[in-house]
Amino acid sequence: MQTTESTSKYNHLEQMSVGELLENINREDKTVPLAVEKAIPQIEALVTEIVKRMQEGGRLFYIGAGTSGRLGIVDASECPPTYGVPHGLVVGIIAGGDTAIRRAVEFAEDDFEQAWKDLSAHRIDSMDSVVGIAASGRTPYVIGGLRTCREKGILTGCIVCNEGSEVACNADFPVEVVVGPEFVTGSTRMKSGTAQKLVLNMLSTAVMIRLGRVVGNKMVDMQLSNHKLIERGIRMVMEETGAGTDEAAALLKKHGSVREAVTHYRGNA
């Protein structure tokens, strides 16, 4: 039996108080970062290879089904506003299409051929990288997609929560984060989902930093798409230049990004 399907350490959940339920869920959640820590060498290897390709103009794709697919879409969708990269540089694809983001599409994950069709719609090529996300490591949609990508010379990675899975066997750079039984038996949206989110945070953040999208510790290319982000941008310009609030706001408005505002200020200083 796969670890993700093994029986919970807890029983008679319906007899627990709300406090007991929350404490026990939290107790299990605390083990997840320790499991991720063990996989850092695998994550490092995957990030290193992705960066090489993206520096040459390649893109990053995530493929997955259900919760795993949604996590990939969330990570991909946050890259443009956070780092100012173009839409389409990091792409999340879910089995069943956009409908499956909000509502499960029956049997969509069982199609071995569909992932490659979905990737082909983006004109994927050997410069790109594909990361399959599947807690179980046995999702046909992901297996088929990674298998075809490898055949065509496209870099493949994965994030799974079982050891020795078929998904991992079809990835050049597998990341295996084994978190153990879920609090509710088989509910991989819990610890497994948390582990996958942590790995995705590490992967995309490290990639973007290596691509030069962070200076110091600041998101200097973030999109100024709401008042909160504009205010953050003004503070960042002030910190980097010593300009007052009004001057920093004017620089940011004129140049459109923290990076450009700071560059022009320094160039004219």
# chains A, B, ... in the order shown; residues from 1 in each chain; ligands from 1
>>> residues_around(residues="Leu224 (chain A)", least_positions_apart="4", cutoff="12 Å", atoms="only C-alpha atoms", output="compact mmCIF listing (two decimals) with N, CA and C atoms, in the first residue's frame")
# COMPACT_ATOMS: atom_id res chain seq x y z
N PRO A 80 3.65 36.32 -12.32
CA PRO A 80 3.64 37.64 -12.98
C PRO A 80 3.44 38.81 -12.02
N PRO A 81 2.43 38.78 -11.12
CA PRO A 81 2.29 39.93 -10.23
C PRO A 81 3.42 40.09 -9.23
N THR A 82 3.99 38.98 -8.79
CA THR A 82 5.04 39.04 -7.77
C THR A 82 6.38 39.45 -8.36
N TYR A 83 6.70 38.93 -9.53
CA TYR A 83 8.04 39.12 -10.09
C TYR A 83 8.06 39.88 -11.41
N GLY A 84 6.90 40.27 -11.90
CA GLY A 84 6.85 41.06 -13.12
C GLY A 84 7.22 40.30 -14.38
N MET A 219 10.99 42.57 -4.06
CA MET A 219 10.34 42.22 -5.33
C MET A 219 10.31 43.45 -6.22
N VAL A 220 11.45 43.79 -6.79
CA VAL A 220 11.60 45.07 -7.48
C VAL A 220 10.83 45.15 -8.80
N LYS A 228 -2.35 48.56 -2.12
CA LYS A 228 -1.41 47.95 -1.18
C LYS A 228 -0.03 47.80 -1.81
N LEU A 229 0.00 47.33 -3.05
CA LEU A 229 1.28 47.12 -3.73
C LEU A 229 1.94 48.43 -4.10
N ILE A 230 1.15 49.44 -4.44
CA ILE A 230 1.73 50.76 -4.72
C ILE A 230 2.37 51.31 -3.46
N GLU A 231 1.68 51.18 -2.33
CA GLU A 231 2.24 51.67 -1.06
C GLU A 231 3.52 50.92 -0.70
N ARG A 232 3.52 49.62 -0.95
CA ARG A 232 4.72 48.83 -0.70
C ARG A 232 5.85 49.31 -1.61
N GLY A 233 5.51 49.56 -2.89
CA GLY A 233 6.52 50.03 -3.83
C GLY A 233 7.11 51.36 -3.41
N ILE A 234 6.27 52.26 -2.93
CA ILE A 234 6.76 53.57 -2.47
C ILE A 234 7.74 53.39 -1.32
N ALA A 249 6.81 58.41 -4.55
CA ALA A 249 5.55 58.12 -5.25
C ALA A 249 5.59 58.63 -6.68
N LEU A 252 7.85 56.35 -8.78
CA LEU A 252 7.19 55.07 -9.05
C LEU A 252 6.12 55.24 -10.13
N LYS A 253 5.35 56.30 -10.03
CA LYS A 253 4.29 56.55 -11.02
C LYS A 253 4.88 56.79 -12.40
N HIS A 255 7.92 55.81 -13.62
CA HIS A 255 8.72 54.74 -14.21
C HIS A 255 8.06 53.37 -14.16
N GLY A 256 7.02 53.20 -13.34
CA GLY A 256 6.21 52.00 -13.41
C GLY A 256 6.67 50.79 -12.64
N SER A 257 7.88 50.83 -12.09
CA SER A 257 8.35 49.71 -11.27
C SER A 257 9.39 50.21 -10.29
N VAL A 258 9.57 49.48 -9.22
CA VAL A 258 10.57 49.85 -8.22
C VAL A 258 11.96 49.85 -8.85
>>> residues_around(residues="region 189-191 of chain A", least_positions_apart="4", cutoff="7 Å", atoms="only C-alpha atoms", output="PyMOL selection string")
chain A and resi 29+32+67+179+182+195
>>> residues_around(residues="region 120-122 of chain A", least_positions_apart="5", cutoff="12 Å", atoms="only C-alpha atoms", output="list in words")
Arg59, Leu60, Phe61, Gly88, Leu89, Val90, Val91, Gly92, Ile93, Glu113, Gln114, Ala115, Asp128, Gly145, Thr148, Cys149 and Lys152 of chain A
>>> closest_residue(among="A:Ile159, A:Ala39, A:Met236, A:Ile25", to="Tyr62 (chain A)", atoms="only C-alpha atoms")
A:Ile159
>>> select_by_dssp(residues="region 42-233 of chain A", states="strand (DSSP E)", output="count of residues only")
26
>>> select_by_dssp(residues="region 132-218 of chain A", states="alpha helix (DSSP H)", output="PyMOL selection string")
chain A and resi 140-151+166-169+191-210
>>> atom_distance(atom1="CA of Asp110 (chain A)", atom2="CA of Tyr141 (chain A)")
5.8 Å
>>> closest_residue(among="A:Thr31, A:Thr4, A:Ser126, A:Gln196", to="Gly64 (chain A)", atoms="only C-alpha atoms")
A:Gln196
>>> atom_distance(atom1="CA of Leu203 (chain A)", atom2="CA of Asp98 (chain A)")
23.4 Å
>>> closest_residue(among="A:Thr48, A:Ser136, A:Ser192, A:Asn26", to="Gly180 (chain A)", atoms="only C-alpha atoms")
A:Ser192
